[in-house]
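Trainee: Sharing a structure, written as structure tokens. Questions coming.
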Amino acid sequence: MSEKFEPKVVAFVCNWCTYAGADLTGTSRIKYAPNVKIIRFPCTGRIDFMLLMKAFANGADGIIVSGCHPNDCHYSTGNFHARRRWMVFKSMLEFMGVDTRRIVFSWVSAAEGAKWAQLVNTSVEEFRKLGSYDAYKQVAKLNIEKEVFNG
Amino acid sequence: MARIGVFICHCGENISATVDCAKVAAVASNFPGVAYSVDYKYMCSDPGQRMIIDAIKEKKLDGIVVGSCSPRMHEPTFRRATAEGGLNPFLCEMANLREHCSWVHEKGDVTTAKAIDLVRTLVEKVKRNTPLLPIKVPVTKTALVIGGGVAGIQAALDIANTGHKVVMVERDPSIGGHMSQLSETFPTLDCSQCILTPRMVEVAQHPNITLYTYAEVESLDGFVGNFKVKIRKKAKSINEKDCTGCGLCCTKCPTKKIPSEFEQGLGFRSAIYVPFPQAVPNKPVIDKENCTYYTKGKCRVCEKVCPTKAIRFDQEDEILEIEIGAIVICTGFNILKTSFFPEYGYGVYKDVIDGLQFERLASASGPTLGEIRRPSDGKIPQKIVFIACAGSRDPAKGIEYCSKICCMYTAKHAMLYKHKVHEGKAYIFYMDIRAGGKMYEEFVRRAIVEDEAQYIRGRVSKVYEKNGKLIVVGADTLLGAMPVEIEADMVVLATAGIASEGAESLAQKLHVSYDAYKFFAEAHPKLKPVETNTAGIFLAGACQAPKDIPESVSAASGAAVKVAALFSNDELTRDPMVAFVNRTAPPVFSTCVGCFLCQPVCPYQAIEKEEIKDRQGKTIKTVARINPGLCQGCGTCVALCRNKAIDILGYTNEQVYTEVVALLNEY
Amino acid sequence: MKIGFYPGCSLNGGSKEYKDSVYALAKQFDIELVYIPDWNCCGATAAHNLNKELSLSLPSRILAIAEREGLKDILVPCAACYSRLTVTQHELNHDENLKKRITDIIEMPVKGTTRILNIIQWIEEFILEKIPYKMFKPFNHKVACYYGCLLVRPHEILKFDREENPESMDKLMKAVGADSIDWAFKTECCGAGFSVSRTDIVGKLSGKLMADAVDRGAEAIIVACPMCHSNLDMRRPAINKYLGKNIDIPILYISQAIGLAVGIDEHTLGLHRHMVDVNLKENTTTVTKEKIKEKTETEV
Amino acid sequence: MSHENHHSHANPTLADEIHDHTEVLAAKCYQCGKCSAGCPLSDEMDYPPSVVMRMLQTGMPELEEKLLRSYTIWLCLTCEMCIARCPMEVDIPKVMDYLREKTLKAGKANPKAKNIISFHKAFLDSIQKTGRLYEMGLIVDYKMRSLNMMQDVAVAPKMFMKGKLSILPELIKERKKMESIFKKTFKNKEASK
Ligand SMILES: Cc1cc2nc3c(=O)[nH]c(=O)nc-3n(C[C@H](O)[C@H](O)[C@H](O)COP(=O)(O)OP(=O)(O)OC[C@H]3O[C@@H](n4cnc5c(N)ncnc54)[C@H](O)[C@@H]3O)c2cc1C
Ligand SMILES: Cc1cc2nc3c(=O)[nH]c(=O)nc-3n(C[C@H](O)[C@H](O)[C@H](O)COP(=O)(O)OP(=O)(O)OC[C@H]3O[C@@H](n4cnc5c(N)ncnc54)[C@H](O)[C@@H]3O)c2cc1C
Ligand code: SF4
Ligand code: SF4
Ligand code: SF4
Ligand code: SF4
Ligand code: SF4
Ligand code: SF4
Ligand code: SF4
Ligand code: SF4
């Protein structure tokens, strides 16, 4: 096996649309890269951006955030808030020197199984090109994580 | 040390074909805090569930992770089993090894490794789960129906017939709404009053319905199942109990020349009046603005003639406070008046009328007893021009949307006119004929073919009066925009349907959202068309957008079912995954600093202000508080609060942060 | 009281009587009209039709001079000029690039702050209140107030009166005792710039609207635009040809009608310059000087 | 100038071109015909205003050519009645202005419009030379251009008698400036072509 770099990718998805969409990818047996692991949230509105930083600090090379399409949010407006917050946060991150190309935002509905697979594959490809996010891991040598395990 | 049980499912071969299930179980058994770990062919089968139940008891487990299919599939199953084993059901989590792993990846170590990562993540999460109790809220089984048009009537009767109490609040002196003004109704041409009046009477007589007319909602507090509403009963200046509805007062009242709202200004009423003969309740009210006793201190004729001494000049508005469990908003719509249209004369030409006025002219009980006569001189018009889309589909001056009902009622008007004035000629200027509905297109075709309605495709540029005729200046776009000028005797504008007056302030009182046009907004345009974003408040009829009668009535029945479902339990059980603002010891009380930035982001208006008081009752601090009855658990506020003062059960900060760490780090 | 004054070419030429009457009216009410020095033509329809930049540059120079002279308000009696100046100012103020381009062309700065008043606004603001104290001879005739296109459109920019069925001129005429009719052609086009090149069209468009005014019993048509005036007055042969009959209804500028009411003589107002004679029935109800004085004393 | 909802095409249509220069979007017109109904000259025109908009919408070169050669664009009086009542606020007069300029430059103006164009040109000439309109000159100039010698022979003397026509032109001081404004604007136009 050639030693191809495999990025670690965390996906933050909402329960109602993208989680269900990813379920549909499964039911449809559409294959995608196993690098991506999903964490379920009630709504993209719940995702606070320190979580993304936490993921980078813990070795993620890329992050996917995905929820319902605009106007289809289960909670009606949660995804708008997520989006709006992201706009603000993104410029802040860029200012701090975080590589925002490593954060992919998307909308995947419960009916878009194929889109989920495609999103994962193209994102992984992109992250692979960007390489390991050592830069951040270096900066954020935070060891508190280890404590968490012993809680 | 935690004692977690891990159960890895093969799903026949659905999982085991690509994931080495035994290995996953074996690795998991070494995770810190895991007391028991097995794999099994079908976890959801009876024996599978039994394994969990037994293990909880035998191994004294305090948390369960099932690595199997999607939680969207079997979470309820395994939570039930967990509960049966004697643990709080919310101490069970599922790792999605099938939809998110075995089915989407090839067989191999990488796939098995991913499965292990997913299980580890959930094991770490479940360690931080806390027992949660479903939230129970009591339900007051009385519904409030606001607005007594056909939608409100239907909703009230449907709810009342399920055995629950209904309070109906109607702003006007009578219920009936717009439908009571209509002559005949498309697409069947049955008489509007004939089908509506019996239902109005039924409302008044139904033992489960309390009717307040001439009343409005003043304010609303509380949440689903537990609302408190204040109703203002405007003074009618009569004692309804004493009044027999004999009508003597109305006949004798000397102030008679008040344009009747019900007749759309085409007829008159007295200062003490019943809006129309079939009104429910059939008891008069005094219009204080026009009664000479109220305005000038002289008269009291009605008081003198009333055989039961029912007149009460000193009556004042009354405020009622009642408890209710659910609300159906049915406040309907309105139409633009002819004065809205400068190019059609700003409403000054008497013979340029709107659709509702035409309904009154065509109504057998209307001011002309059903004869089509023009308002200016009472002559029977030989040529009528109907102008469709008046103010609709007009972003420049009117509204952008299509009002939906006007194509149909215009075809109806042309038909009714032809039925009444055989030699008359009806012209209809239109842009498109929108007749999507059961028997609608057929209806329009009938108007064109049988009743010779002359449809001309084009918008009218101007209408002006000349020698007693109305000159209508239009163009026929199907003939290369050829100019067309018609000398009409009467012009009927199919004016746009707009939000009912006061809809915006009512929406604000009820904390429900409304759209840019001030129509009430549904929770989801397709899947929750009769729900609002506020739990326990529903919508029906033309208060959402212009709707015809069949649609209004279907929506009302839909809303009634929602209310009945809500009332089918004594208590509401709600998902306990709600947000809460932390409370700590004094003097801090909470890390909340009271910035209330969270308040506007909540889609459900669940965030309230709470004053923390000292023993003397003095406010020390104002902090946010989340009403668990309203919170739907989206978590938006949690992510927003910079002080981390809010957290959400089931997805606490601690839980989700741990998940991130566990997902990315092996032990 | 001083106010800037832009007469425009028509008032300087073919519509001399309009200028004379505005002047006379100003004098009667002690208003000093200050010419915009070395003013040029606004370009009217021709520039508008053939070259957009030119059509903005010509009015811009006028505005620039007014600003330079410190004239904050300017009276523009010609409706066409009023429209060109107002639209130009609007466009400049809504497009910085355009403003830059135009200032380069005219080689003068334009801020775009001038208040441009049409004749009606001017009378409303500076004269209307004082009319009762000077009214010698109520203009008690039945009149049709004709606004034409340029005074009211485009409404979004001019924001003057109501777009359809305007009323401001009618109010002024009522204030001098006239009975202004309700009619439907107040803002229909008279044929405007086609006076010379397609006189037949002027005959038709003006004919249609005048026939309605005559039918409704108007004794005179009151206008506020030299183009309207010349079309309705000078093009009477073409109009009569279109109508197939002769109509002799006179066309008066609003300044002339009001001027008559406040006692200015016909010659000063230039009535003799009209193609169609102004033969209104003699108005016998004059108001005596005493009465006016009385009025002045009771109300002041 | 390009706009969000406006795609750049390989072969821009006349409608695209108009949109770029005037911001008027022909696609907004939903063919209600209200403009044609209100236009005072609709019945004189070869294509009433709503038909003009439709022709632009099609993007068909044959129709665009017909439009440029139409009489309609010269008949339009820019009275603004159409846009005043258009529910979609389609600025037809602006479109007409644009088409006139374009057509004139391309030498495609409808022959029937000769008089109209002659008059406009004579008018502008007068301003260019004197800064103001010199009516007498205008009439003479127009007659030379239109060869319509007999027109207004009856009116002109009467005007003269009534003091409405002056023999001599009024000249403004900054006549050089006028020349330069004309030169610049006509040059800019060529450049922007
Ligand atoms: C000219 C015309 C002709 C029509 N013809 C037909 C037809 O032939 N066939 C057909 O199917 N449909 C027809 N319709 C449509 C029909 O009128 C509506 O579908 C129907 O009236 C909608 O009923 P509703 O109860 O939702 O609203 P409404 O009839 O508007 O009733 C709303 C009620 O709520 C009350 N209300 C409003 N605000 C408040 C408040 N704040 N507090 C308390 N009460 C309030 C009002 O007083 C009113 O009684 C026609 C409509 C028009 C305009
Ligand atoms: C091409 C197309 C595009 C559309 N796009 C949209 C859109 O974008 N937005 C929108 O709002 N709507 C859209 N619709 C309309 C939408 O599909 C319907 O409104 C909706 O499907 C109706 O749902 P239903 O449950 O009433 O009927 P159906 O979806 O037809 O379901 C009826 C069910 O009953 C079953 N069944 C039938 N007979 C029997 C029997 N005798 N016994 C037992 N079962 C039976 C059928 O198998 C079926 O499962 C579209 C429709 C089409 C055709
Ligand atoms: S629990 Fe889920 S994964 Fe396991 S057998 Fe049942 S359906 Fe399949
Ligand atoms: S007269 Fe008296 S009893 Fe009769 S309707 Fe009037 S108030 Fe009622
Ligand atoms: S008191 Fe008022 S309501 Fe009664 S009769 Fe007199 S005017 Fe009518
Ligand atoms: S329903 Fe018909 S008349 Fe009414 S707005 Fe829509 S298209 Fe126009
Ligand atoms: S909970 Fe947070 S966001 Fe809300 S008021 Fe308190 S500090 Fe502000
Ligand atoms: S979790 Fe969502 S619904 Fe609940 S209070 Fe917070 S924002 Fe409102
Ligand atoms: S009025 Fe406006 S929308 Fe209607 S046809 Fe004319 S340009 Fe098109
Ligand atoms: S501006 Fe032109 S197209 Fe529009 S109404 Fe006037 S003449 Fe007709």
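Going by the structure tokens order, chains are called A, B, ..., each with residues numbered from 1, while ligands are numbered from 1 in the order shown.
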Applying 8 Å and only C-alpha atoms, which residues near Ala257 of chain C remain after dropping the ones on its own chain fewer than 3 positions away? List them as a VMD selection string.

Mentor: chain C and resid 139 173 222 252 to 254 260 to 261

Trainee: Emit the selected residues as a short mmCIF file (atom, residue, chain, number, x, y, z; two decimals), in the first residue's frame, including all heavy atoms.

Mentor:
data_model
loop_
_atom_site.label_atom_id
_atom_site.label_comp_id
_atom_site.auth_asym_id
_atom_site.auth_seq_id
_atom_site.Cartn_x
_atom_site.Cartn_y
_atom_site.Cartn_z
N PHE C 139 -61.64 85.00 -10.42
CA PHE C 139 -61.63 84.40 -11.74
C PHE C 139 -62.76 83.38 -11.80
O PHE C 139 -62.54 82.19 -11.83
CB PHE C 139 -60.27 83.73 -11.97
CG PHE C 139 -60.03 83.33 -13.39
CD1 PHE C 139 -59.54 84.24 -14.32
CD2 PHE C 139 -60.26 82.03 -13.81
CE1 PHE C 139 -59.30 83.87 -15.64
CE2 PHE C 139 -60.02 81.65 -15.13
CZ PHE C 139 -59.55 82.58 -16.04
N MET C 173 -56.59 77.30 -8.53
CA MET C 173 -57.63 77.97 -9.30
C MET C 173 -58.87 78.21 -8.45
O MET C 173 -59.54 79.23 -8.58
CB MET C 173 -57.97 77.16 -10.56
CG MET C 173 -56.90 77.21 -11.65
SD MET C 173 -56.33 78.89 -12.03
CE MET C 173 -57.82 79.61 -12.71
N ILE C 222 -56.43 75.72 -18.28
CA ILE C 222 -55.31 76.36 -17.59
C ILE C 222 -54.11 75.42 -17.67
O ILE C 222 -54.22 74.23 -17.37
CB ILE C 222 -55.66 76.59 -16.09
CG1 ILE C 222 -57.02 77.28 -15.96
CG2 ILE C 222 -54.55 77.38 -15.40
CD1 ILE C 222 -57.09 78.67 -16.54
N LEU C 252 -55.00 79.42 -21.03
CA LEU C 252 -54.31 80.41 -20.19
C LEU C 252 -53.25 79.74 -19.33
O LEU C 252 -53.45 78.64 -18.84
CB LEU C 252 -55.30 81.12 -19.25
CG LEU C 252 -56.03 82.34 -19.81
CD1 LEU C 252 -57.19 81.88 -20.68
CD2 LEU C 252 -56.51 83.20 -18.67
N TYR C 253 -52.16 80.46 -19.18
CA TYR C 253 -51.19 80.00 -18.20
C TYR C 253 -51.75 80.26 -16.81
O TYR C 253 -52.48 81.23 -16.59
CB TYR C 253 -49.87 80.76 -18.35
CG TYR C 253 -49.09 80.35 -19.55
CD1 TYR C 253 -49.05 81.16 -20.68
CD2 TYR C 253 -48.38 79.16 -19.55
CE1 TYR C 253 -48.32 80.77 -21.80
CE2 TYR C 253 -47.65 78.76 -20.66
CZ TYR C 253 -47.63 79.57 -21.79
OH TYR C 253 -46.91 79.19 -22.88
N ILE C 254 -51.38 79.42 -15.86
CA ILE C 254 -51.87 79.61 -14.50
C ILE C 254 -51.47 80.98 -13.97
O ILE C 254 -52.23 81.63 -13.26
CB ILE C 254 -51.37 78.47 -13.57
CG1 ILE C 254 -51.84 78.71 -12.13
CG2 ILE C 254 -49.86 78.35 -13.55
CD1 ILE C 254 -52.72 77.67 -11.60
N LEU C 260 -54.86 87.78 -13.51
CA LEU C 260 -56.11 88.49 -13.75
C LEU C 260 -56.87 88.68 -12.44
O LEU C 260 -57.40 89.74 -12.16
CB LEU C 260 -56.98 87.71 -14.74
CG LEU C 260 -56.50 87.72 -16.20
CD1 LEU C 260 -57.35 86.77 -17.05
CD2 LEU C 260 -56.55 89.14 -16.77
N ALA C 261 -56.88 87.62 -11.62
CA ALA C 261 -57.65 87.68 -10.38
C ALA C 261 -57.08 88.72 -9.44
O ALA C 261 -57.82 89.35 -8.69
CB ALA C 261 -57.67 86.30 -9.72
#

Trainee: Select, as number ranges by chain, those residues of chain D with any atom no more than 8 Å from chain C (distances computed using only C-alpha atoms).

Mentor: D: 40, 77, 79-81, 84, 97, 100-101, 104, 115-116, 119-121, 123-124, 127, 131-135, 155, 158-159, 162-166, 172-174, 177, 180-182, 184-186, 189

Trainee: Counting only C-alpha atoms and all ligand atoms, name the residues that have an atom within 8 Å of an atom of ligand 9; the answer should be given as a list in words.

Mentor: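 Using only C-alpha atoms and all ligand atoms, everything at most 8 Å from ligand 9 comes to Arg459 of chain B; Ala26, Lys28, Cys29, Tyr30, Gln31, Cys32, Gly33, Lys34, Cys35, Ser36, Pro49, Ser50, Val51, Met53, Arg54, Cys82, Ile83, Arg85, Cys86, Pro87, Met88, Glu89, Val90, Asp91 and Ile92 of chain D.
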
Trainee: Which residues are close to segment 118-123 of chain A, i.e. within 8 Å by only C-alpha atoms, leaving aside same-chain residues fewer than 6 positions away? Reply as a ChimeraX atom specification.

Mentor: /A:32-33,36,64,104

Trainee: Compile the residues of chain B that lie within 12 Å of chain D, evaluated using only C-alpha atoms, and express the compilation as number ranges by chain.

Mentor: B: 341-344, 387-400, 429-432, 456-463, 472-486

Trainee: For the residues selected in the previous step, produce a file with N, CA and C atoms as a short mmCIF file (atom, residue, chain, number, x, y, z; two decimals), in the first residue's frame.

Mentor:
data_model
loop_
_atom_site.label_atom_id
_atom_site.label_comp_id
_atom_site.auth_asym_id
_atom_site.auth_seq_id
_atom_site.Cartn_x
_atom_site.Cartn_y
_atom_site.Cartn_z
N PHE B 341 -56.69 52.52 -6.08
CA PHE B 341 -56.26 52.53 -7.48
C PHE B 341 -56.40 53.90 -8.14
N PRO B 342 -55.29 54.64 -8.23
CA PRO B 342 -55.34 55.97 -8.84
C PRO B 342 -55.82 55.91 -10.28
N GLU B 343 -55.33 54.93 -11.04
CA GLU B 343 -55.66 54.92 -12.46
C GLU B 343 -57.11 54.52 -12.71
N TYR B 344 -57.77 54.01 -11.68
CA TYR B 344 -59.18 53.69 -11.84
C TYR B 344 -60.03 54.68 -11.04
N ILE B 387 -62.12 43.68 -14.00
CA ILE B 387 -60.67 43.81 -14.13
C ILE B 387 -60.01 42.88 -13.11
N ALA B 388 -59.36 41.84 -13.61
CA ALA B 388 -58.73 40.87 -12.72
C ALA B 388 -57.36 41.39 -12.28
N CYS B 389 -56.80 40.74 -11.29
CA CYS B 389 -55.45 41.09 -10.78
C CYS B 389 -55.35 42.56 -10.41
N ALA B 390 -56.40 43.17 -9.90
CA ALA B 390 -56.31 44.58 -9.53
C ALA B 390 -55.52 44.70 -8.22
N GLY B 391 -54.31 45.13 -8.36
CA GLY B 391 -53.45 45.27 -7.17
C GLY B 391 -52.65 44.02 -6.87
N SER B 392 -53.05 42.88 -7.42
CA SER B 392 -52.26 41.66 -7.24
C SER B 392 -51.22 41.59 -8.34
N ARG B 393 -50.18 40.86 -8.12
CA ARG B 393 -49.12 40.67 -9.10
C ARG B 393 -48.62 42.02 -9.59
N ASP B 394 -48.55 42.95 -8.68
CA ASP B 394 -48.19 44.31 -9.03
C ASP B 394 -47.16 44.82 -8.03
N PRO B 395 -45.90 44.43 -8.23
CA PRO B 395 -44.88 44.84 -7.26
C PRO B 395 -44.74 46.36 -7.18
N ALA B 396 -45.04 47.05 -8.25
CA ALA B 396 -44.83 48.50 -8.23
C ALA B 396 -45.75 49.19 -7.24
N LYS B 397 -47.01 48.86 -7.27
CA LYS B 397 -47.92 49.61 -6.41
C LYS B 397 -48.73 48.75 -5.46
N GLY B 398 -48.94 47.49 -5.82
CA GLY B 398 -49.78 46.65 -4.97
C GLY B 398 -48.96 45.60 -4.27
N ILE B 399 -49.36 44.36 -4.45
CA ILE B 399 -48.64 43.27 -3.82
C ILE B 399 -48.11 42.34 -4.89
N GLU B 400 -47.08 41.59 -4.54
CA GLU B 400 -46.40 40.81 -5.55
C GLU B 400 -47.11 39.49 -5.87
N PHE B 429 -61.00 41.69 -18.30
CA PHE B 429 -59.58 41.89 -18.61
C PHE B 429 -58.78 41.04 -17.64
N TYR B 430 -57.93 40.19 -18.16
CA TYR B 430 -57.19 39.27 -17.29
C TYR B 430 -55.76 39.12 -17.79
N MET B 431 -54.92 38.55 -16.99
CA MET B 431 -53.54 38.25 -17.43
C MET B 431 -53.33 36.76 -17.62
N ASP B 432 -53.83 35.98 -16.67
CA ASP B 432 -53.84 34.52 -16.77
C ASP B 432 -55.11 34.10 -16.07
N ILE B 456 -60.59 39.25 -22.24
CA ILE B 456 -59.61 39.99 -23.05
C ILE B 456 -58.30 39.97 -22.30
N ARG B 457 -57.26 39.46 -22.95
CA ARG B 457 -56.01 39.34 -22.23
C ARG B 457 -55.23 40.65 -22.25
N GLY B 458 -55.19 41.31 -21.12
CA GLY B 458 -54.47 42.57 -21.01
C GLY B 458 -54.88 43.29 -19.75
N ARG B 459 -53.98 44.13 -19.27
CA ARG B 459 -54.30 44.90 -18.07
C ARG B 459 -54.84 46.24 -18.49
N VAL B 460 -55.82 46.71 -17.77
CA VAL B 460 -56.43 48.00 -18.10
C VAL B 460 -55.54 49.12 -17.60
N SER B 461 -55.34 50.11 -18.46
CA SER B 461 -54.46 51.21 -18.09
C SER B 461 -55.21 52.27 -17.31
N LYS B 462 -56.49 52.45 -17.66
CA LYS B 462 -57.19 53.58 -17.08
C LYS B 462 -58.70 53.40 -17.21
N VAL B 463 -59.40 53.94 -16.23
CA VAL B 463 -60.86 53.99 -16.32
C VAL B 463 -61.26 55.42 -16.02
N VAL B 472 -63.24 52.34 -20.36
CA VAL B 472 -62.18 51.46 -19.91
C VAL B 472 -61.15 51.36 -21.03
N VAL B 473 -59.91 51.76 -20.72
CA VAL B 473 -58.88 51.80 -21.73
C VAL B 473 -57.93 50.63 -21.51
N GLY B 474 -57.95 49.70 -22.44
CA GLY B 474 -57.11 48.52 -22.29
C GLY B 474 -56.44 48.16 -23.59
N ALA B 475 -55.85 46.99 -23.61
CA ALA B 475 -55.23 46.50 -24.85
C ALA B 475 -55.43 45.00 -24.88
N ASP B 476 -55.50 44.46 -26.09
CA ASP B 476 -55.64 43.02 -26.23
C ASP B 476 -54.28 42.46 -26.64
N THR B 477 -53.58 41.89 -25.70
CA THR B 477 -52.21 41.45 -25.99
C THR B 477 -52.19 40.26 -26.94
N LEU B 478 -53.32 39.57 -27.07
CA LEU B 478 -53.34 38.45 -28.00
C LEU B 478 -53.54 38.92 -29.43
N LEU B 479 -53.84 40.20 -29.57
CA LEU B 479 -53.95 40.78 -30.91
C LEU B 479 -52.84 41.80 -31.10
N GLY B 480 -51.65 41.48 -30.64
CA GLY B 480 -50.53 42.40 -30.81
C GLY B 480 -50.68 43.68 -30.02
N ALA B 481 -51.30 43.56 -28.84
CA ALA B 481 -51.50 44.72 -27.96
C ALA B 481 -52.33 45.81 -28.63
N MET B 482 -53.33 45.37 -29.34
CA MET B 482 -54.24 46.32 -29.99
C MET B 482 -55.03 47.08 -28.92
N PRO B 483 -55.08 48.40 -29.05
CA PRO B 483 -55.85 49.16 -28.06
C PRO B 483 -57.33 48.77 -28.07
N VAL B 484 -57.91 48.68 -26.87
CA VAL B 484 -59.33 48.35 -26.76
C VAL B 484 -59.96 49.38 -25.85
N GLU B 485 -61.06 49.96 -26.26
CA GLU B 485 -61.75 50.90 -25.38
C GLU B 485 -63.18 50.45 -25.23
N ILE B 486 -63.63 50.27 -24.01
CA ILE B 486 -65.01 49.82 -23.81
C ILE B 486 -65.76 50.86 -23.00
#

Trainee: Taking the DSSP secondary structure from the backbone, can you list the residues of segment 17-144 of chain B that are alpha helix (DSSP H), as a PyMOL selection string?

Mentor: chain B and resi 21-29+46-59+71-84+109-127

Trainee: Can you work out which residues are within 12 Å of ligand 4, considering only C-alpha atoms and all ligand atoms, and then hand them over as a PyMOL selection string?

Mentor: chain B and resi 236-253+270-274+277+281-286+300-313

Trainee: Would you mind listing, as a ChimeraX atom specification, all residues of chain C that have at least one atom within 12 Å of chain B, where only C-alpha atoms are what counts?

Mentor: /C:156,162-166,182-188,211-213,215-216

Trainee: Give me, as a ChimeraX atom specification, the residues of segment 141-213 of chain C that a backbone DSSP run labels strand (DSSP E or B).

Mentor: /C:142-145,179-180

Trainee: For ligand 7, list the contacting residues at 10 Å or closer, counting only C-alpha atoms and all ligand atoms, as a count of residues only.

Mentor: 34
